[in-house]
Structure formats: C-alpha cells, structure tokens
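Visitor: Data: upload.txt, compact mmCIF, N, CA and C atoms.
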# COMPACT_ATOMS: atom_id res chain seq x y z
N MET A 6 25.45 -23.44 -3.34
CA MET A 6 24.23 -23.03 -2.71
C MET A 6 23.30 -22.47 -3.78
N GLU A 7 22.09 -22.98 -3.82
CA GLU A 7 21.15 -22.51 -4.82
C GLU A 7 19.96 -21.83 -4.15
N LEU A 8 19.40 -20.90 -4.85
CA LEU A 8 18.26 -20.16 -4.35
C LEU A 8 16.98 -20.93 -4.71
N TYR A 9 16.15 -21.14 -3.73
CA TYR A 9 14.91 -21.84 -4.00
C TYR A 9 13.75 -21.13 -3.31
N PHE A 10 12.56 -21.36 -3.81
CA PHE A 10 11.37 -20.84 -3.15
C PHE A 10 10.74 -21.98 -2.38
N PRO A 11 10.46 -21.78 -1.09
CA PRO A 11 9.95 -22.87 -0.26
C PRO A 11 8.62 -23.44 -0.76
N THR A 12 8.34 -24.67 -0.34
CA THR A 12 7.12 -25.34 -0.79
C THR A 12 5.99 -25.26 0.23
N ASP A 13 6.30 -25.24 1.54
CA ASP A 13 5.21 -25.17 2.51
C ASP A 13 4.86 -23.72 2.84
N LEU A 14 3.61 -23.49 3.23
CA LEU A 14 3.07 -22.14 3.41
C LEU A 14 3.80 -21.35 4.48
N GLY A 15 4.08 -21.96 5.60
CA GLY A 15 4.74 -21.24 6.68
C GLY A 15 6.09 -20.69 6.27
N GLU A 16 6.88 -21.52 5.61
CA GLU A 16 8.19 -21.07 5.17
C GLU A 16 8.06 -20.04 4.05
N GLN A 17 7.05 -20.16 3.21
CA GLN A 17 6.83 -19.15 2.18
C GLN A 17 6.54 -17.79 2.79
N LEU A 18 5.74 -17.76 3.86
CA LEU A 18 5.43 -16.49 4.51
C LEU A 18 6.68 -15.89 5.16
N ALA A 19 7.48 -16.73 5.82
CA ALA A 19 8.72 -16.25 6.41
C ALA A 19 9.68 -15.76 5.32
N TYR A 20 9.74 -16.47 4.22
CA TYR A 20 10.57 -16.10 3.07
C TYR A 20 10.13 -14.73 2.53
N CYS A 21 8.83 -14.53 2.41
CA CYS A 21 8.31 -13.25 1.91
C CYS A 21 8.67 -12.11 2.87
N SER A 22 8.63 -12.37 4.17
CA SER A 22 9.04 -11.37 5.14
C SER A 22 10.51 -11.01 4.96
N ALA A 23 11.35 -12.02 4.75
CA ALA A 23 12.78 -11.77 4.53
C ALA A 23 13.00 -11.02 3.21
N ALA A 24 12.26 -11.38 2.18
CA ALA A 24 12.40 -10.70 0.89
C ALA A 24 11.98 -9.24 1.00
N PHE A 25 10.90 -8.97 1.72
CA PHE A 25 10.45 -7.59 1.90
C PHE A 25 11.47 -6.80 2.73
N THR A 26 12.08 -7.46 3.71
CA THR A 26 13.14 -6.82 4.49
C THR A 26 14.31 -6.44 3.59
N ALA A 27 14.70 -7.35 2.72
CA ALA A 27 15.80 -7.07 1.79
C ALA A 27 15.43 -5.93 0.85
N LEU A 28 14.19 -5.89 0.39
CA LEU A 28 13.74 -4.80 -0.49
C LEU A 28 13.79 -3.46 0.22
N ILE A 29 13.31 -3.42 1.46
CA ILE A 29 13.38 -2.19 2.25
C ILE A 29 14.84 -1.75 2.39
N GLY A 30 15.71 -2.71 2.68
CA GLY A 30 17.12 -2.39 2.83
C GLY A 30 17.74 -1.88 1.54
N PHE A 31 17.38 -2.49 0.43
CA PHE A 31 17.90 -2.05 -0.86
C PHE A 31 17.48 -0.60 -1.14
N LEU A 32 16.22 -0.29 -0.89
CA LEU A 32 15.74 1.07 -1.12
C LEU A 32 16.42 2.07 -0.20
N ALA A 33 16.57 1.70 1.08
CA ALA A 33 17.21 2.62 2.02
C ALA A 33 18.68 2.81 1.71
N MET A 34 19.32 1.76 1.21
CA MET A 34 20.74 1.85 0.92
C MET A 34 21.03 2.67 -0.34
N PHE A 35 20.23 2.49 -1.36
CA PHE A 35 20.52 3.14 -2.63
C PHE A 35 19.66 4.37 -2.91
N ALA A 36 18.66 4.64 -2.08
CA ALA A 36 17.83 5.84 -2.23
C ALA A 36 17.49 6.41 -0.85
N PRO A 37 18.52 6.82 -0.09
CA PRO A 37 18.23 7.31 1.26
C PRO A 37 17.41 8.60 1.28
N GLY A 38 17.55 9.42 0.26
CA GLY A 38 16.76 10.65 0.21
C GLY A 38 15.27 10.37 0.13
N TYR A 39 14.88 9.44 -0.73
CA TYR A 39 13.47 9.06 -0.84
C TYR A 39 12.99 8.39 0.45
N THR A 40 13.86 7.58 1.04
CA THR A 40 13.49 6.92 2.29
C THR A 40 13.26 7.94 3.38
N TYR A 41 14.14 8.93 3.50
CA TYR A 41 13.97 9.97 4.50
C TYR A 41 12.70 10.77 4.25
N ARG A 42 12.43 11.07 2.99
CA ARG A 42 11.21 11.81 2.67
C ARG A 42 9.97 11.02 3.06
N PHE A 43 9.97 9.71 2.78
CA PHE A 43 8.83 8.87 3.14
C PHE A 43 8.64 8.84 4.66
N LEU A 44 9.74 8.79 5.40
CA LEU A 44 9.67 8.74 6.85
C LEU A 44 9.53 10.12 7.49
N LYS A 45 9.47 11.15 6.65
CA LYS A 45 9.33 12.54 7.09
C LYS A 45 10.50 12.99 7.96
N LEU A 46 11.70 12.62 7.52
CA LEU A 46 12.93 13.03 8.17
C LEU A 46 13.66 14.00 7.26
N GLN A 47 14.47 14.87 7.87
CA GLN A 47 15.20 15.85 7.08
C GLN A 47 16.69 15.74 7.37
N VAL A 48 17.48 15.99 6.35
CA VAL A 48 18.92 16.07 6.49
C VAL A 48 19.28 17.54 6.52
N ARG A 49 20.06 17.94 7.51
CA ARG A 49 20.47 19.34 7.59
C ARG A 49 21.39 19.69 6.44
N GLU A 50 21.25 20.90 5.97
CA GLU A 50 22.11 21.39 4.90
C GLU A 50 23.56 21.36 5.37
N GLY A 51 24.42 20.77 4.56
CA GLY A 51 25.83 20.71 4.88
C GLY A 51 26.19 19.57 5.81
N GLN A 52 25.25 18.68 6.11
CA GLN A 52 25.51 17.55 7.00
C GLN A 52 25.16 16.23 6.29
N PRO A 53 25.95 15.82 5.32
CA PRO A 53 25.63 14.62 4.55
C PRO A 53 25.85 13.31 5.32
N GLU A 54 26.33 13.40 6.58
CA GLU A 54 26.55 12.18 7.36
C GLU A 54 25.26 11.42 7.59
N ALA A 55 24.14 12.11 7.56
CA ALA A 55 22.86 11.44 7.77
C ALA A 55 22.58 10.44 6.64
N TYR A 56 23.02 10.74 5.45
CA TYR A 56 22.84 9.79 4.35
C TYR A 56 23.65 8.52 4.61
N ALA A 57 24.84 8.67 5.18
CA ALA A 57 25.65 7.50 5.50
C ALA A 57 24.94 6.62 6.52
N GLU A 58 24.28 7.23 7.49
CA GLU A 58 23.55 6.45 8.49
C GLU A 58 22.38 5.71 7.85
N GLY A 59 21.67 6.37 6.95
CA GLY A 59 20.56 5.72 6.25
C GLY A 59 21.04 4.58 5.37
N ARG A 60 22.15 4.79 4.67
CA ARG A 60 22.70 3.73 3.83
C ARG A 60 23.18 2.55 4.67
N SER A 61 23.78 2.85 5.81
CA SER A 61 24.27 1.80 6.69
C SER A 61 23.11 0.97 7.25
N ALA A 62 22.07 1.63 7.70
CA ALA A 62 20.89 0.91 8.20
C ALA A 62 20.25 0.09 7.08
N GLY A 63 20.19 0.66 5.89
CA GLY A 63 19.66 -0.07 4.74
C GLY A 63 20.50 -1.29 4.42
N GLY A 64 21.82 -1.16 4.53
CA GLY A 64 22.70 -2.30 4.30
C GLY A 64 22.46 -3.41 5.31
N PHE A 65 22.17 -3.03 6.54
CA PHE A 65 21.87 -4.04 7.56
C PHE A 65 20.58 -4.80 7.21
N TYR A 66 19.53 -4.06 6.85
CA TYR A 66 18.27 -4.71 6.45
C TYR A 66 18.48 -5.59 5.22
N LEU A 67 19.21 -5.09 4.25
CA LEU A 67 19.47 -5.85 3.03
C LEU A 67 20.24 -7.14 3.35
N GLY A 68 21.29 -7.01 4.13
CA GLY A 68 22.08 -8.17 4.48
C GLY A 68 21.31 -9.19 5.29
N PHE A 69 20.54 -8.74 6.27
CA PHE A 69 19.76 -9.65 7.11
C PHE A 69 18.71 -10.39 6.28
N GLY A 70 18.03 -9.66 5.42
CA GLY A 70 17.02 -10.28 4.56
C GLY A 70 17.63 -11.30 3.60
N LEU A 71 18.75 -10.94 3.00
CA LEU A 71 19.39 -11.87 2.05
C LEU A 71 19.93 -13.12 2.74
N VAL A 72 20.51 -12.96 3.92
CA VAL A 72 21.01 -14.12 4.65
C VAL A 72 19.86 -15.04 5.04
N ALA A 73 18.73 -14.47 5.46
CA ALA A 73 17.57 -15.30 5.80
C ALA A 73 17.07 -16.06 4.58
N ILE A 74 17.09 -15.41 3.43
CA ILE A 74 16.66 -16.08 2.19
C ILE A 74 17.64 -17.18 1.80
N LEU A 75 18.92 -16.88 1.84
CA LEU A 75 19.93 -17.84 1.38
C LEU A 75 20.08 -19.03 2.32
N LEU A 76 20.02 -18.80 3.63
CA LEU A 76 20.19 -19.91 4.57
C LEU A 76 18.90 -20.68 4.80
N ALA A 77 17.76 -19.97 4.80
CA ALA A 77 16.44 -20.59 4.93
C ALA A 77 16.37 -21.55 6.11
N GLN A 78 16.85 -21.11 7.26
CA GLN A 78 16.83 -21.91 8.47
C GLN A 78 15.84 -21.31 9.47
N PRO A 79 15.11 -22.15 10.20
CA PRO A 79 14.15 -21.63 11.17
C PRO A 79 14.76 -20.68 12.20
N MET A 80 15.99 -20.96 12.65
CA MET A 80 16.61 -20.09 13.65
C MET A 80 16.93 -18.71 13.09
N VAL A 81 17.28 -18.63 11.83
CA VAL A 81 17.54 -17.33 11.20
C VAL A 81 16.22 -16.58 11.06
N TYR A 82 15.16 -17.28 10.69
CA TYR A 82 13.84 -16.64 10.62
C TYR A 82 13.40 -16.18 12.01
N LEU A 83 13.72 -16.95 13.05
CA LEU A 83 13.40 -16.52 14.41
C LEU A 83 14.13 -15.23 14.76
N ALA A 84 15.38 -15.13 14.38
CA ALA A 84 16.15 -13.92 14.64
C ALA A 84 15.55 -12.73 13.90
N LEU A 85 15.14 -12.95 12.66
CA LEU A 85 14.52 -11.88 11.89
C LEU A 85 13.21 -11.43 12.55
N GLY A 86 12.38 -12.39 12.93
CA GLY A 86 11.11 -12.06 13.57
C GLY A 86 11.30 -11.37 14.91
N ALA A 87 12.25 -11.85 15.71
CA ALA A 87 12.51 -11.23 17.01
C ALA A 87 13.02 -9.80 16.84
N SER A 88 13.84 -9.58 15.84
CA SER A 88 14.35 -8.22 15.59
C SER A 88 13.21 -7.27 15.24
N PHE A 89 12.31 -7.72 14.37
CA PHE A 89 11.18 -6.86 14.03
C PHE A 89 10.23 -6.70 15.21
N ALA A 90 10.10 -7.70 16.05
CA ALA A 90 9.24 -7.58 17.23
C ALA A 90 9.78 -6.52 18.19
N VAL A 91 11.08 -6.51 18.40
CA VAL A 91 11.69 -5.50 19.27
C VAL A 91 11.57 -4.11 18.63
N ALA A 92 11.72 -4.03 17.31
CA ALA A 92 11.53 -2.75 16.62
C ALA A 92 10.09 -2.26 16.75
N ALA A 93 9.14 -3.17 16.66
CA ALA A 93 7.73 -2.80 16.83
C ALA A 93 7.48 -2.32 18.26
N PHE A 94 8.10 -2.97 19.23
CA PHE A 94 7.97 -2.53 20.62
C PHE A 94 8.53 -1.12 20.80
N GLY A 95 9.67 -0.84 20.16
CA GLY A 95 10.22 0.52 20.20
C GLY A 95 9.28 1.53 19.58
N ARG A 96 8.60 1.15 18.52
CA ARG A 96 7.64 2.06 17.90
C ARG A 96 6.45 2.28 18.82
N ILE A 97 6.01 1.24 19.52
CA ILE A 97 4.92 1.39 20.48
C ILE A 97 5.33 2.35 21.59
N LEU A 98 6.56 2.21 22.08
CA LEU A 98 7.06 3.14 23.09
C LEU A 98 7.05 4.57 22.57
N SER A 99 7.45 4.75 21.33
CA SER A 99 7.45 6.08 20.73
C SER A 99 6.03 6.64 20.61
N ILE A 100 5.10 5.80 20.21
CA ILE A 100 3.72 6.25 20.08
C ILE A 100 3.17 6.68 21.44
N MET A 101 3.51 5.92 22.48
CA MET A 101 2.98 6.22 23.80
C MET A 101 3.69 7.40 24.47
N SER A 102 4.99 7.50 24.36
CA SER A 102 5.72 8.50 25.12
C SER A 102 6.09 9.76 24.34
N ASP A 103 6.17 9.67 23.02
CA ASP A 103 6.58 10.82 22.21
C ASP A 103 5.41 11.48 21.50
N ARG A 104 4.21 11.10 21.84
CA ARG A 104 3.01 11.59 21.17
C ARG A 104 3.13 11.39 19.66
N GLY A 105 3.58 10.20 19.29
CA GLY A 105 3.82 9.92 17.88
C GLY A 105 2.73 9.08 17.24
N SER A 106 1.49 9.20 17.73
CA SER A 106 0.43 8.37 17.15
C SER A 106 -0.16 9.05 15.91
N VAL A 107 0.66 9.19 14.92
CA VAL A 107 0.22 9.72 13.64
C VAL A 107 0.00 8.54 12.70
N LEU A 108 -0.67 8.78 11.62
CA LEU A 108 -1.05 7.70 10.70
C LEU A 108 0.17 6.91 10.20
N LEU A 109 1.26 7.59 9.84
CA LEU A 109 2.44 6.90 9.33
C LEU A 109 3.03 5.97 10.39
N ASN A 110 3.11 6.44 11.63
CA ASN A 110 3.64 5.60 12.70
C ASN A 110 2.77 4.37 12.93
N LEU A 111 1.47 4.55 12.89
CA LEU A 111 0.57 3.42 13.08
C LEU A 111 0.67 2.44 11.92
N LEU A 112 0.79 2.95 10.71
CA LEU A 112 0.95 2.09 9.54
C LEU A 112 2.25 1.30 9.62
N LEU A 113 3.34 1.96 9.98
CA LEU A 113 4.62 1.28 10.09
C LEU A 113 4.63 0.29 11.24
N LEU A 114 3.85 0.55 12.30
CA LEU A 114 3.72 -0.41 13.39
C LEU A 114 3.06 -1.70 12.89
N VAL A 115 2.03 -1.55 12.08
CA VAL A 115 1.36 -2.73 11.52
C VAL A 115 2.31 -3.50 10.62
N VAL A 116 3.07 -2.79 9.79
CA VAL A 116 4.03 -3.45 8.90
C VAL A 116 5.08 -4.20 9.71
N GLN A 117 5.61 -3.56 10.76
CA GLN A 117 6.62 -4.23 11.57
C GLN A 117 6.04 -5.43 12.31
N ALA A 118 4.80 -5.31 12.78
CA ALA A 118 4.17 -6.43 13.47
C ALA A 118 3.98 -7.62 12.53
N VAL A 119 3.58 -7.36 11.29
CA VAL A 119 3.42 -8.44 10.32
C VAL A 119 4.77 -9.04 9.96
N LEU A 120 5.78 -8.18 9.74
CA LEU A 120 7.11 -8.68 9.42
C LEU A 120 7.72 -9.45 10.58
N ALA A 121 7.27 -9.19 11.80
CA ALA A 121 7.73 -9.96 12.96
C ALA A 121 6.96 -11.27 13.07
N ALA A 122 5.65 -11.21 12.87
CA ALA A 122 4.81 -12.38 13.10
C ALA A 122 5.09 -13.51 12.11
N LEU A 123 5.26 -13.20 10.85
CA LEU A 123 5.42 -14.26 9.84
C LEU A 123 6.62 -15.17 10.12
N PRO A 124 7.83 -14.62 10.29
CA PRO A 124 8.95 -15.52 10.57
C PRO A 124 8.89 -16.15 11.97
N LEU A 125 8.31 -15.43 12.95
CA LEU A 125 8.20 -16.01 14.28
C LEU A 125 7.25 -17.20 14.30
N LEU A 126 6.12 -17.05 13.66
CA LEU A 126 5.16 -18.15 13.63
C LEU A 126 5.74 -19.37 12.93
N TYR A 127 6.49 -19.15 11.87
CA TYR A 127 7.12 -20.29 11.19
C TYR A 127 8.23 -20.88 12.05
N GLY A 128 9.09 -20.03 12.59
CA GLY A 128 10.23 -20.52 13.38
C GLY A 128 9.80 -21.26 14.63
N LEU A 129 8.69 -20.86 15.21
CA LEU A 129 8.19 -21.53 16.42
C LEU A 129 7.30 -22.72 16.10
N GLY A 130 7.03 -22.95 14.83
CA GLY A 130 6.28 -24.13 14.42
C GLY A 130 4.77 -23.98 14.44
N TYR A 131 4.27 -22.76 14.46
CA TYR A 131 2.81 -22.57 14.46
C TYR A 131 2.20 -22.62 13.06
N ILE A 132 2.97 -22.28 12.05
CA ILE A 132 2.47 -22.38 10.66
C ILE A 132 3.49 -23.08 9.80
If you took the structure in this file and wrote it as structure tokens, what would it be?
Guide:
Amino acid sequence: MELYFPTDLGEQLAYCSAAFTALIGFLAMFAPGYTYRFLKLQVREGQPEAYAEGRSAGGFYLGFGLVAILLAQPMVYLALGASFAVAAFGRILSIMSDRGSVLLNLLLLVVQAVLAALPLLYGLGYI
C-alpha cells in the first residue's frame, strides 16, 4: 500500500480534512495539556486520569484520519464527514442549551462544519 495525494479536487479536499483530523489527533494524543488549555479545560490536581481521556480521544482522531488517508475510499470519507457532522450538531446543542455561545465554541463549530462538509460532499458525489 502506498501513500498518494489525490488528483481530483473533491478527493483532495476530503484528504485535507482527514489529514487535519489526524493532526488534531496527534496534538491531542501527545500534548493533552496544551489541548486542554486551548479548549479552556482544567485537570484537577491529583487526577491525572483526565490526561488519559485526552490521549485516548486524540488517538481516535489520529487513527480515523490516518485510516481515511490510507484507504482513500468514498465510504470512509462519508464516515469521517458524518462523524464530524454529529459532533457539530452536539456543539450546536451545547451552544443553545448550555449558554455556550462564546467565541471559541463558535469558531470550533465552523471548523467542525467544514471538516464535515468536505468529506461528505466528496463521498456523496457533489464535488
């Protein structure tokens, strides 16, 4: 199996979404403290289990992004896009019900919406 960069625009955009997902996962897995600081989360003193949760979630993002890149199949891109779409919906619920309409939440909603749209549009054949 060889790694290649796609030639058509739609697949390139889906590929970039998967690569960005893998990058996010890599950062969360190997730098959970910085990730928590960026997300404005705190780990309680004496409770390092939160770092394990951050690393685990980062590993999931890293693995999902890498598999999408390596397999480069429309159905895998659809799964990636659908996952980000559901995550964006969860963020919308949080903004509406938890009074979480702060700038960071809105910015991350836009990022999740873009990361959902690119692979979905390619997987469904729109681009």
Visitor: Would you pick out the contacts of Gly86 (chain A) at 5 Å or less, using all atoms listed in the file, so that residues sharing its chain but fewer than 2 positions from it are not included, and give the list as number ranges by chain?
Guide: A: 82-84, 88-90, 121, 124-125
Visitor: Considering only N, CA and C atoms, return as a PyMOL selection string whatever protein or nucleic-acid residues lie within 7 Å of Ser22 (chain A), sequence-local ones (same chain, fewer than 2 positions apart) excluded.
Guide: chain A and resi 17-20+24-27+70+119-120+123-124
Visitor: Could you work out how far atom C of Gly59 (chain A) lies from atom C of Thr40 (chain A), giving the answer in Å with one decimal?
Guide: 8.7 Å
Visitor: Based on the backbone DSSP call, show me all residues of chain A assigned alpha helix (DSSP H), as JSON, numbers by chain.
Guide: {"A": [14, 15, 16, 17, 18, 19, 20, 21, 22, 23, 24, 25, 26, 27, 28, 29, 30, 31, 32, 33, 34, 35, 37, 38, 39, 40, 41, 42, 43, 54, 55, 56, 57, 58, 59, 60, 61, 62, 63, 64, 65, 66, 67, 68, 69, 70, 71, 72, 73, 74, 75, 76, 79, 80, 81, 82, 83, 84, 85, 86, 87, 88, 89, 90, 91, 92, 93, 94, 95, 96, 97, 98, 99, 100, 101, 102, 108, 109, 110, 111, 112, 113, 114, 115, 116, 117, 118, 119, 120, 121, 122, 123, 124, 125, 126, 127, 128]}
Visitor: Which polymer residues, protein or nucleic acid, are no farther than 8 Å from (11.3, -24.6, 12.2), counting all atoms listed in the file, as a PyMOL selection string?
Guide: chain A and resi 78-80+126-131
Visitor: Quick one, how far is CA of Leu113 (chain A) from CA of Gln47 (chain A)?
Guide: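 Distance reported for this atom pair: 18.3 Å.
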Visitor: When you draw a straight line from atom C of Arg49 (chain A) to atom C of Phe65 (chain A), how long is it in Å?
Guide: 24.5 Å
Visitor: What's the 6 Å shell around region 62-64 of chain A, counting all atoms listed in the file, without same-chain residues fewer than 6 positions away, as a PyMOL selection string?
Guide: chain A and resi 29-31+33-34
Visitor: Measuring atom to atom with only N, CA and C atoms, identify which of A:Ala55, A:Val48, A:Ile74, A:Met101 is nearest to Cys21 (chain A).
Guide: A:Ile74
Visitor: Which residue, A:Gly38, A:Ala23, A:Leu71, A:Phe43, has the smallest gap to Tyr56 (chain A) when you use all atoms listed in the file?
Guide: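 Ranking A:Gly38, A:Ala23, A:Leu71, A:Phe43 by distance to Tyr56 (chain A), first place goes to A:Gly38.
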